[in-house]
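Here is the structure we will look at.
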Amino acid sequence: METVAEIFLARRNDSRPALYFEDRSWSGAELVAECAARAHYLLAHRAPGPFHVGLLLDNVPEYAFWVGACALAGATFVALNSTRKGADLARDIGHTECQFVLIESRYREQVPDDTAAALGNSLGNGLLVVDAPDYAATLAAHRGLPPPQAGVSPRDTACLIFTSGTSGAPKAVIYSNVRVMRNCMMLVQSQQLTARDVSYVPMPLFHSTGLIMGLLALLAAGGAVVLRRKFSASGFLPDVRKFGATSFCYVGKPLAYILATEEKPDDRDNPLRVVFGSEATDIDIANFKRRFGCPAIDNYGSSEGCITILRGEGTPPGSIGRGVSEQIRVMDPETGAECPRAVFDAHGVLQNGNAAIGELVNLDGGAIFEGYWNNPAAREQRIRDGAYWSGDLAYRDAAGFFYFAGRSSEWLRVDGENLSAIQIEQVLARHPGIAVAAVYGVPDPLVGDRVMAGLELKPGSRLDMAEFKVFLESQEDFGSKWMPAFVRISERLPTTQTNKVLKRDLKREAWNCADAVWWRPLRGGPYQPLTSADTDELQRLFVSRGRGHLLPQGE
């Protein structure tokens with residue numbers, strides 16, 4: 001297989017189940033028939049210019065149908081983020097030059113009327129509402145036709161997937177057919193996926209994890225896919241059992257949320273064979289295997305496809321593994337030189353973080369980076385002298401194993417020392433009462449940053465702050481400057497739809513939030529509740545030191 005179209009064409013005569021959603025299922029042949037009808041609609045109504053089709057849908061069958069339709073028609077589908085709305089969504093649609101946008105009625109109000117009116121095809125209206133009363137009639141004339149012969153090339157662009165947009169407007173990453181297929185087949189081979197496998201996909205399909213690892217790889221293996229509209233921790237195990245799911249893909253915090261549900265003696269009674277994803281903590285990976293009897297394979301891969309780091313046998317605790325290429329390095333962004341290897345003490349505490357932590361770089365990445373749609377300036381920020389600079393922080397030990405240290409925006413400067421938020425999070429996550437921990441920097445009234453932690457507790461848990469402090473101090477690998485100065489305890493931290501904590505929101509609010517906040521007014525001292533009098537005093541201190549402009553904005 002060389003194109004996404006071939007994934008679908010291979011299933012055109014397949015009577016086995018290929019897609020499940022709620023109480024419905026579609027065989028491979030039925031799936032391809034649905035895709036073919038929509039492909040013929042696109043070809044009949046396309047206009048001159050980029051053949052781009054935006055999808056603004058939850059994880060519903062229509063998403064899979066239109067992904068296949070675009071592949072068969074030779075169109076590029078644009079994975080629009082359903083959390084975007086108004087001017088931001090209009091910008092994404094306009095920037096990627098969508099001719100068509102497919103939406104559910106629940107998202108219609110998010111699309112500005114002038115944007116909807118500007119969408120063009122031969123009917124003069126490129127906005128299709130997939131749950132509208134007249135939708136079936138719109139497709140009726142195209143049903144029963146064989147898949148079109150669009151002559152798709154492996155180098156043609158299969159899709160555009162937006163970055164998270166944590167700094168500035170999100171960028172539309174170009175995914176060619178050959179790149180999508182390479183990623184699909186790498187997963188099929190590494191996890192030995194077959195026609196007997198069933199993939200559970202509650203991760204949004206506008207993200208590459210849900211799309212490639214969850215949907216396309218399993219279809220390519222001849223297996224079946226279970227779509228769930230939205231991720232639900234409480235619905236996870238019942239769904240896995242109902243559909244006989246053997247695999248599950250994730251990104252961000254889903255394992256933590258699943259593990260926060262009530263543990264039961266029969267949790268291991270499930271059909272799961274493997275789960276795979278990225279950004280889970282070591283403690284969650286270990287606890288998931290213990291509780292559900294299924295290994296979690298957690299690796300690192302950049303959205304742009306230029307850096308892949310895989311765990312293997314002998315990977316040390318805390319490491320994300322070794323790079324697939326020797327050209328993957330940790331580089332100093334200021335000097336352009338490779339950073340020295342990490343040095344640890346007897347307890348595993350990094351001793352030379354200031355020197356060893358740098359940016360993950362692929363020195364040959366410029367040759368494989370496919371770029372961003374209509375954004376040469378963003379490409380120039382990533383590619384320097386033929387090397388791809390990821391913007392992610394890491395360090396590397398003497399044996400060549402990499403350790404992820406967070407995004408460049410998660411770098412804290414405390415008492416003149418650079419700290420990595422993710423290192424602190426890994427330790428906080430060990431506390432038996434904590435479900436999710438997010439660490440971020442907030443301004444220090446004197447200079448630099450202070451460490452702040454946002455915590456979600458497990459159901460029924462209560463955090464004793466004195467015990468919490470003792471627990472952290474007892475961890476042998478907990479750095480002396482890592483103790484949070486502020487702790488925010490929330491019922492639910494703000495997250496993206498891919499369950500990544502929105503640290504930019506937490507940083508903006510800092511201690512000016514509706515949640516309970518504890519703080520240590522004296523370094524080394526005990527935690528106490530942060531009162532309104534305390535925040536007033538902090539404000540006076542910031543202003544007196546000429547740092548009033550750094551005060552948190554609040555909710």
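Each chain in the structure tokens gets a letter, A, B and so on, in the order shown; residues start at 1 in every chain, and ligands are counted from 1 in the order they appear.
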* Show which residues sit within 8 Å of region 77-83 of chain A, as a ChimeraX atom specification. Count only C-alpha atoms, and ignore same-chain residues fewer than 6 positions away. => /A:52-58,67,70,89,92-93,96,98,107,158-162,205-207,496-497
At a cut-off of 8 Å, using only C-alpha atoms, what residues contact Ala73 (chain A)? Leave out same-chain residues fewer than 5 positions from it and give the result as a PDB file with N, CA and C atoms, in the first residue's frame.
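What landed in part16.pdb:
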```pdb
ATOM      1  N   ALA A  39     -17.148  10.524  -2.241  1.00  0.00           N
ATOM      2  CA  ALA A  39     -16.074  10.880  -3.175  1.00  0.00           C
ATOM      3  C   ALA A  39     -16.656  11.388  -4.494  1.00  0.00           C
ATOM      4  N   HIS A  40     -17.695  10.721  -4.995  1.00  0.00           N
ATOM      5  CA  HIS A  40     -18.324  11.167  -6.237  1.00  0.00           C
ATOM      6  C   HIS A  40     -18.997  12.526  -6.052  1.00  0.00           C
ATOM      7  N   LEU A  42     -17.911  14.927  -4.079  1.00  0.00           N
ATOM      8  CA  LEU A  42     -16.822  15.909  -4.109  1.00  0.00           C
ATOM      9  C   LEU A  42     -16.367  16.179  -5.538  1.00  0.00           C
ATOM     10  N   LEU A  43     -16.175  15.121  -6.303  1.00  0.00           N
ATOM     11  CA  LEU A  43     -15.696  15.292  -7.675  1.00  0.00           C
ATOM     12  C   LEU A  43     -16.726  16.017  -8.551  1.00  0.00           C
ATOM     13  N   PRO A 148     -14.229   5.957  -7.342  1.00  0.00           N
ATOM     14  CA  PRO A 148     -13.642   6.640  -8.496  1.00  0.00           C
ATOM     15  C   PRO A 148     -12.164   6.309  -8.661  1.00  0.00           C
ATOM     16  N   GLN A 149     -11.683   6.475  -9.872  1.00  0.00           N
ATOM     17  CA  GLN A 149     -10.269   6.269 -10.172  1.00  0.00           C
ATOM     18  C   GLN A 149      -9.610   7.647 -10.259  1.00  0.00           C
ATOM     19  N   ALA A 150      -9.151   8.150  -9.127  1.00  0.00           N
ATOM     20  CA  ALA A 150      -8.657   9.525  -9.078  1.00  0.00           C
ATOM     21  C   ALA A 150      -7.169   9.645  -9.391  1.00  0.00           C
TER      22      ALA A 150
END
```
* Got a sec: who's within 10 Å of Met465 (chain A), counting only C-alpha atoms, leaving out chain neighbours fewer than 6 positions off, as JSON, numbers by chain? -> {"A": [471, 487, 518, 519, 526, 527, 528, 529]}
Write the selection just made, keeping N, CA, C and O atoms, as a compact mmCIF listing (two decimals), in the first residue's frame?
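So the final result, stored in out.txt, reads:
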```
# COMPACT_ATOMS: atom_id res chain seq x y z
N PHE A 471 5.87 13.78 51.73
CA PHE A 471 5.97 12.79 50.67
C PHE A 471 6.98 13.23 49.62
O PHE A 471 7.84 12.44 49.19
N VAL A 487 0.08 25.50 45.20
CA VAL A 487 -0.62 24.28 44.78
C VAL A 487 -2.10 24.59 44.60
O VAL A 487 -2.77 25.05 45.53
N TRP A 518 -3.10 26.56 47.89
CA TRP A 518 -2.22 26.54 49.06
C TRP A 518 -0.87 27.10 48.63
O TRP A 518 -0.49 27.00 47.47
N TRP A 519 -0.16 27.70 49.60
CA TRP A 519 1.15 28.23 49.26
C TRP A 519 2.09 28.15 50.45
O TRP A 519 1.65 27.91 51.59
N PRO A 526 5.80 25.43 56.00
CA PRO A 526 4.63 24.61 55.70
C PRO A 526 3.70 25.29 54.70
O PRO A 526 3.77 26.50 54.48
N TYR A 527 2.81 24.48 54.14
CA TYR A 527 1.77 25.01 53.27
C TYR A 527 0.64 25.58 54.12
O TYR A 527 0.32 25.07 55.21
N GLN A 528 0.03 26.65 53.62
CA GLN A 528 -1.15 27.21 54.26
C GLN A 528 -2.08 27.74 53.18
O GLN A 528 -1.65 28.03 52.06
N PRO A 529 -3.38 27.84 53.47
CA PRO A 529 -4.31 28.36 52.47
C PRO A 529 -3.95 29.78 52.05
O PRO A 529 -3.57 30.61 52.89
```
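Residues surrounding region 509-515 of chain A within 8 Å are Val442, Met452, Phe486, Arg488, Ile489, Ser490, Pro552, Gln553, Gly554 and Glu555 of chain A [only C-alpha atoms; sequence separation below 6 positions excluded].
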* Show which residues sit within 8 Å of region 19-27 of chain A, as a VMD selection string. Count only C-alpha atoms, and ignore same-chain residues fewer than 5 positions away. => chain A and resid 14 60 to 61 224 to 228
* Can you tell me, as a PyMOL selection string, what residues are no more than 6 Å from region 242-247 of chain A when counting only C-alpha atoms, ignoring any on the same chain fewer than 5 positions away? -> chain A and resi 197-200+271-275
Output of the above residues as a PDB file, in the first residue's frame, restricted to all heavy atoms:
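Okay, this is what ended up in again-v8.pdb:
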```
ATOM      1  N   ASP A 197      -7.703  -7.762  15.177  1.00  0.00           N
ATOM      2  CA  ASP A 197      -7.654  -6.670  16.149  1.00  0.00           C
ATOM      3  C   ASP A 197      -8.822  -5.702  15.965  1.00  0.00           C
ATOM      4  O   ASP A 197      -9.301  -5.466  14.855  1.00  0.00           O
ATOM      5  CB  ASP A 197      -6.329  -5.914  16.037  1.00  0.00           C
ATOM      6  CG  ASP A 197      -5.187  -6.662  16.712  1.00  0.00           C
ATOM      7  OD1 ASP A 197      -5.285  -6.899  17.926  1.00  0.00           O
ATOM      8  OD2 ASP A 197      -4.212  -7.014  16.015  1.00  0.00           O
ATOM      9  N   VAL A 198      -9.222  -5.137  17.099  1.00  0.00           N
ATOM     10  CA  VAL A 198     -10.284  -4.133  17.133  1.00  0.00           C
ATOM     11  C   VAL A 198      -9.744  -2.926  17.891  1.00  0.00           C
ATOM     12  O   VAL A 198      -9.319  -3.043  19.044  1.00  0.00           O
ATOM     13  CB  VAL A 198     -11.550  -4.665  17.832  1.00  0.00           C
ATOM     14  CG1 VAL A 198     -12.621  -3.577  17.910  1.00  0.00           C
ATOM     15  CG2 VAL A 198     -12.082  -5.894  17.109  1.00  0.00           C
ATOM     16  N   SER A 199      -9.740  -1.776  17.250  1.00  0.00           N
ATOM     17  CA  SER A 199      -9.167  -0.556  17.822  1.00  0.00           C
ATOM     18  C   SER A 199     -10.257   0.315  18.429  1.00  0.00           C
ATOM     19  O   SER A 199     -11.264   0.617  17.770  1.00  0.00           O
ATOM     20  CB  SER A 199      -8.426   0.228  16.726  1.00  0.00           C
ATOM     21  OG  SER A 199      -8.030   1.498  17.195  1.00  0.00           O
ATOM     22  N   TYR A 200     -10.054   0.731  19.667  1.00  0.00           N
ATOM     23  CA  TYR A 200     -10.993   1.626  20.352  1.00  0.00           C
ATOM     24  C   TYR A 200     -10.486   3.053  20.212  1.00  0.00           C
ATOM     25  O   TYR A 200      -9.359   3.362  20.629  1.00  0.00           O
ATOM     26  CB  TYR A 200     -11.099   1.229  21.820  1.00  0.00           C
ATOM     27  CG  TYR A 200     -12.041   2.067  22.639  1.00  0.00           C
ATOM     28  CD1 TYR A 200     -13.383   2.197  22.281  1.00  0.00           C
ATOM     29  CD2 TYR A 200     -11.605   2.727  23.780  1.00  0.00           C
ATOM     30  CE1 TYR A 200     -14.250   2.958  23.042  1.00  0.00           C
ATOM     31  CE2 TYR A 200     -12.468   3.482  24.555  1.00  0.00           C
ATOM     32  CZ  TYR A 200     -13.789   3.591  24.184  1.00  0.00           C
ATOM     33  OH  TYR A 200     -14.660   4.347  24.935  1.00  0.00           O
ATOM     34  N   PRO A 271     -10.447  -7.713  26.903  1.00  0.00           N
ATOM     35  CA  PRO A 271      -9.762  -8.268  25.730  1.00  0.00           C
ATOM     36  C   PRO A 271      -8.545  -7.472  25.263  1.00  0.00           C
ATOM     37  O   PRO A 271      -7.950  -7.800  24.227  1.00  0.00           O
ATOM     38  CB  PRO A 271     -10.849  -8.244  24.661  1.00  0.00           C
ATOM     39  CG  PRO A 271     -11.692  -7.066  25.021  1.00  0.00           C
ATOM     40  CD  PRO A 271     -11.672  -6.984  26.524  1.00  0.00           C
ATOM     41  N   LEU A 272      -8.164  -6.414  25.978  1.00  0.00           N
ATOM     42  CA  LEU A 272      -7.064  -5.568  25.523  1.00  0.00           C
ATOM     43  C   LEU A 272      -5.763  -6.349  25.392  1.00  0.00           C
ATOM     44  O   LEU A 272      -5.377  -7.121  26.282  1.00  0.00           O
ATOM     45  CB  LEU A 272      -6.849  -4.402  26.497  1.00  0.00           C
ATOM     46  CG  LEU A 272      -7.831  -3.235  26.399  1.00  0.00           C
ATOM     47  CD1 LEU A 272      -7.569  -2.257  27.540  1.00  0.00           C
ATOM     48  CD2 LEU A 272      -7.718  -2.522  25.056  1.00  0.00           C
ATOM     49  N   ARG A 273      -5.083  -6.118  24.292  1.00  0.00           N
ATOM     50  CA  ARG A 273      -3.770  -6.721  24.052  1.00  0.00           C
ATOM     51  C   ARG A 273      -2.650  -5.704  24.186  1.00  0.00           C
ATOM     52  O   ARG A 273      -1.572  -6.002  24.682  1.00  0.00           O
ATOM     53  CB  ARG A 273      -3.763  -7.347  22.646  1.00  0.00           C
ATOM     54  CG  ARG A 273      -2.490  -8.062  22.285  1.00  0.00           C
ATOM     55  CD  ARG A 273      -2.632  -8.784  20.958  1.00  0.00           C
ATOM     56  NE  ARG A 273      -2.763  -7.891  19.820  1.00  0.00           N
ATOM     57  CZ  ARG A 273      -1.731  -7.279  19.220  1.00  0.00           C
ATOM     58  NH1 ARG A 273      -0.497  -7.446  19.669  1.00  0.00           N
ATOM     59  NH2 ARG A 273      -1.934  -6.505  18.167  1.00  0.00           N
ATOM     60  N   VAL A 274      -2.909  -4.467  23.719  1.00  0.00           N
ATOM     61  CA  VAL A 274      -1.883  -3.434  23.770  1.00  0.00           C
ATOM     62  C   VAL A 274      -2.542  -2.062  23.705  1.00  0.00           C
ATOM     63  O   VAL A 274      -3.582  -1.893  23.052  1.00  0.00           O
ATOM     64  CB  VAL A 274      -0.876  -3.594  22.601  1.00  0.00           C
ATOM     65  CG1 VAL A 274      -1.559  -3.393  21.254  1.00  0.00           C
ATOM     66  CG2 VAL A 274       0.311  -2.649  22.744  1.00  0.00           C
ATOM     67  N   VAL A 275      -1.966  -1.106  24.411  1.00  0.00           N
ATOM     68  CA  VAL A 275      -2.340   0.298  24.227  1.00  0.00           C
ATOM     69  C   VAL A 275      -1.065   1.050  23.890  1.00  0.00           C
ATOM     70  O   VAL A 275       0.029   0.680  24.326  1.00  0.00           O
ATOM     71  CB  VAL A 275      -3.035   0.910  25.475  1.00  0.00           C
ATOM     72  CG1 VAL A 275      -4.263   0.108  25.853  1.00  0.00           C
ATOM     73  CG2 VAL A 275      -2.085   1.014  26.650  1.00  0.00           C
TER      74      VAL A 275
END
```
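When the distance limit is 8 Å and only C-alpha atoms are what count, the residues near region 136-141 of chain A, minus those fewer than 4 positions from it on the same chain, are Ala37, Arg38 and Tyr41 of chain A.
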What does the file look like for those residues with N, CA and C atoms, as a tab-separated table (two decimals), in the first residue's frame?
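What follows is the written file result-v5.tsv:
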```tsv
chain	number	residue	atom	x	y	z
A	37	ALA	N	-19.61	7.07	-2.37
A	37	ALA	CA	-20.70	8.00	-2.66
A	37	ALA	C	-20.27	9.43	-2.38
A	38	ARG	N	-19.59	9.64	-1.28
A	38	ARG	CA	-19.14	10.99	-0.91
A	38	ARG	C	-18.00	11.45	-1.81
A	41	TYR	N	-19.56	12.77	-4.87
A	41	TYR	CA	-20.14	14.09	-4.61
A	41	TYR	C	-19.05	15.17	-4.70
```
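Shortest separation to Ser15 (chain A) among A:Gln381, A:Val178, A:Gly548, A:Gly222 occurs at residue A:Gly222, atoms counted being only C-alpha atoms.
Distance annotation: of A:Leu127, A:Ala90, A:Ala64, A:Tyr388, the residue with the minimal separation from Pro112 (chain A) is A:Ala90; atom set is only C-alpha atoms.
Minimum distance to Gln426 (chain A) across A:Asn362, A:Ser319, A:Ser190, A:Gln351 (counting only C-alpha atoms) occurs at A:Ser319.
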* DSSP alpha helix (DSSP H) residues within region 224-275 of chain A, as a list in words -> Ala233, Ser234, Gly235, Phe236, Leu237, Pro238, Asp239, Val240, Arg241, Lys242, Phe243, Pro254, Leu255, Ala256, Tyr257, Ile258 and Leu259 of chain A
I need the residues from that last selection saved to file as a short mmCIF file (atom, residue, chain, number, x, y, z; two decimals), in the first residue's frame (with C-alpha atoms), if you can.
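Okay, this is what ended up in again26.cif:
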```cif
data_model
loop_
_atom_site.label_atom_id
_atom_site.label_comp_id
_atom_site.auth_asym_id
_atom_site.auth_seq_id
_atom_site.Cartn_x
_atom_site.Cartn_y
_atom_site.Cartn_z
CA ALA A 233 -12.89 7.48 31.57
CA SER A 234 -15.90 5.76 33.14
CA GLY A 235 -17.02 4.47 29.73
CA PHE A 236 -13.62 3.07 28.80
CA LEU A 237 -13.78 -0.45 30.23
CA PRO A 238 -17.47 -1.06 29.41
CA ASP A 239 -16.80 -0.04 25.78
CA VAL A 240 -13.68 -2.21 25.55
CA ARG A 241 -15.65 -5.20 26.76
CA LYS A 242 -18.73 -4.48 24.63
CA PHE A 243 -16.82 -4.30 21.36
CA PRO A 254 -6.23 9.53 29.34
CA LEU A 255 -4.39 6.80 31.24
CA ALA A 256 -4.40 8.99 34.34
CA TYR A 257 -8.13 9.63 34.02
CA ILE A 258 -8.87 5.93 33.49
CA LEU A 259 -6.76 4.98 36.51
#
```
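Going from CA of Asp113 (chain A) over to CA of Arg84 (chain A), you cover 15.2 Å.
Here CA of Ala172 (chain A) stands at a distance of 25.4 Å from CA of Ser325 (chain A).
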